[in-house]
Amino acid sequence: MTTSAQPMVAIELTHATIGYGHMPVLSNVTLNVRAGEFVGIVGPSGAGKTTLLKLFTGGADLIEGRFTLNGETPRRHKTARNTAVAYVPQLDRIDPSFPLTAKEVVLLGGAANSRKVPWFSRTEQLRATSLLERLGIKELAYRRVSELSGGQRQRMFVARALFHDCSVLLLDEPTSGVDLATRAEMLQLLGELHHDGLTVLLTTHDLNFVAAHLPRIVCVNGTVTADGKPGEILSVDVLQRTFGHTLTVLNINDRPVVIDPKRIELHSALAHQTPVAPDVTAL
Amino acid sequence: MRELLLTPLGYQFFQRALVAGIVIGALCGAMSVPVTLRRMSYIGHGLAHSVIGGVAIGVAFGVNLYIGATVATVTAALLIDRVSRRAGVHIDAAIGIVTTAAFALGIVVLALVPSQINLEAVLFGNLLGVTQGDLTLAGTVSAVTVTILFVGYKRGIFTLFDEDVARAHGVNVNATILTINLLTAAVVVASVRVLGALLIAAAIVLPAATAQLVTRRFASFSLLAVATGTVTAIIGLYASFHFDIPSGPAVVLAGTVLFTLAYVAGARNSLKASR
């Protein structure tokens with residue numbers, strides 16, 4: 001990981017309009033992420049969370065405003081080489097039938113800068129094995145992507161991202177499509193990477209997950225609706241502006257817990273038939 | 001058996017066709033990898049239609065067959081790339097619009113300008129028609145394609161597997177996709193004489209589709225696709241000679257038989273594993 005001699009600000013957006021071509025998805029976005037921060041980006045589907053990440057990877061366009069990564073204005077197609085950004089996509093974005101093994105996927109993390117033609121060098125092979133070991137999936141190196149579980153694929157993608165020697169790690173919905181145990185393992189892994197000096201940004205629908213574990217939340221819905229510590233910004237007003245409907249915020253052990261009253265109503269209605277506990281972990 | 005294999009080799013036209021077939025079979029096998037993995041097998045159909053249009057226009061105006069075909073397919077590949085980058089136009093729609101327009105233009109020109117074109121040979125391939133010039137073209141396209149595929153191998157796989165992440169990691173995804181489209185166009189043009197324009201599409205899908213049923217790792221998958229393309233061409237050309245049938249359909253049917261065998265073997269293995 002590139003942690004030395006980093007500028008203080010990893011990501012800076014000032015009055016930015018972001019989209020695809022001339023079609024804006026996000027407007028008037030101002031956001032500063034310092035090097036080494038751990039930030040959760042939350043918002044409803046279609047709010048522009050993925051588009052925001054794609055701006056950092058070169059997949060979306062800055063239509064207006066100012067944008068710098070590690071102090072530089074990135075050039076399209078050169079983003080990674082200039083700023084060392086790595087991206088972990090949503091699990092359902094890939095074709096699991098693609099004939100690649102876990103190790104081959106990890107090696108792709110070095111494809112852009114690999115000098116040897118056409119195969120990867122011995123050093124690159126060893127690096128991939130070492131990353132698989134670090135992520136606890138070394139024994140799965142020669143399994144096909146289709147044979148891996150959601151959590152194992154998630155780890156494989158993080159290993160690929162780390163192969164790239166990144167200073168900013170972007171994860172799109174890393175908590176969706178995995179079970180609770182895998183989610184906890186993923187969180188621990190991201191915590192370790194953050195502790196090692198990596199700047200981590202992730203998107204999620206899961207408000208209580210970020211409220212419980214991340215030091216900073218950015219709420220997004222077409223623009224940035226709130227930005228700060230979970231305990232300070234998770235209010236009924238902010239959630240109304242971000243999600244478009246009323247959510248209840250409880251304070252349990254000095255920690256905000258967000259509950260959707262509609263779900264409680266639904267559970268109460270169902271309770272007349274089959275008693276169930278209300279689900280407060282996922283929105 | 002020995003006679004079945006050696007008799008055709010006594011004819012110079014078959015020797016030429018066999019060399020061209022082996023080169024083109026391997027080439028189609030190599031290109032079938034990106035075409036299949038990018039799920040753009042429809043581009044083969046599309047570019048083949050452009051070939052027909054290009055050949056028709058070229059022949060009508062007394063221009064070499066390959067010049068017409070090259071201009072038509074390269075123009076079609078560039079237009080497909082351009083149109084599909086516009087938000088709201090999917091790649092399948094772009095292929096459908098651009099290539100059928102080229103085909104229609106060719107047919108209109110043929111109707112207006114009388115010519116001596118052998119449409120059956122253009123559509124289905126002609127074993128007897130393979131010339132030294134065809135061999136040179138196939139060899140040149142092969143050399144260029146193999147070199148580009150070798151140099152861009154890793155970036156190509158990354159783009160095919162996950163465009164967004166490849167872009168984030170510094171791969172020029174747009175240039176990679178354009179290169180794949182242009183190489184497909186070159187392979188389609190080089191294959192016209194042996195395979196015929198109408199059946200090239202199958203030849204650049206079947207080898208990878210067959211290999212995908214058999215192997216797990218990417219390197220072996222790529223090599224097996226090349227080997228399948230080559231073997232298919234050899235079997236098809238012998239069948240074409242012995243049964244006096246057009247070479248294109250013979251090659252495609254040979255490929256279909258290999259695919260069916262791999263599919264049945266794969267299904268049996270899955271059944272055993274599930275027991």
# chains A, B, ... in the order shown; residues from 1 in each chain; ligands from 1

$ interface_residues --of "chain B" --to "chain A" --cutoff "6 Å" --atoms "only C-alpha atoms" --output "list in words"
Phe150, Val151, Tyr153, Lys154, Arg155, Phe158, Val165, Ala168, His169, Gly170, Val171, Asn172, Arg216, Arg217 and Phe218 of chain B

$ residues_around --residues "B:Thr7" --least-positions-apart "5" --cutoff "10 Å" --atoms "only C-alpha atoms" --output "CSV table (one decimal) with N, CA and C atoms, in the first residue's frame"
chain,number,residue,atom,x,y,z
B,2,ARG,N,-6.4,-44.1,-44.4
B,2,ARG,CA,-5.2,-43.5,-45.0
B,2,ARG,C,-5.5,-42.8,-46.3
B,14,PHE,N,-6.6,-28.3,-52.9
B,14,PHE,CA,-6.9,-28.7,-51.5
B,14,PHE,C,-5.8,-28.4,-50.5
B,241,PHE,N,-14.5,-31.9,-49.3
B,241,PHE,CA,-13.9,-32.5,-50.4
B,241,PHE,C,-14.6,-33.9,-50.7
B,242,HIS,N,-14.8,-34.7,-49.7
B,242,HIS,CA,-15.3,-36.0,-49.9
B,242,HIS,C,-16.8,-36.1,-50.3

$ residues_around --residues "stretch 26-43 of chain B" --least-positions-apart "5" --cutoff "6 Å" --atoms "only C-alpha atoms" --output "list in words"
Leu160, Ile204, Val205, Pro207, Ala208, Ala225, Val226, Gly229 and Thr230 of chain B

$ atom_distance --atom1 "atom CA of B:Gly106" --atom2 "atom CA of B:Val144"
28.4 Å

$ select_by_dssp --residues "stretch 187-260 of chain A" --states "alpha helix (DSSP H)" --output "list in words"
Leu187, Gln188, Leu189, Leu190, Gly191, Glu192, Leu193, His194, His195, Leu207, Asn208, Phe209, Val210, Ala211, Ala212, His213, Pro230, Gly231, Glu232, Ile233, Val236, Asp237, Val238, Leu239, Gln240, Arg241, Thr242 and Phe243 of chain A

$ residues_around --residues "A:Leu52" --least-positions-apart "6" --cutoff "12 Å" --atoms "only C-alpha atoms" --output "count of residues only"
37

$ atom_distance --atom1 "atom CA of B:Val141" --atom2 "atom CA of B:Glu120"
24.3 Å

$ atom_distance --atom1 "atom CA of A:Ser176" --atom2 "atom CA of A:Thr204"
7.7 Å
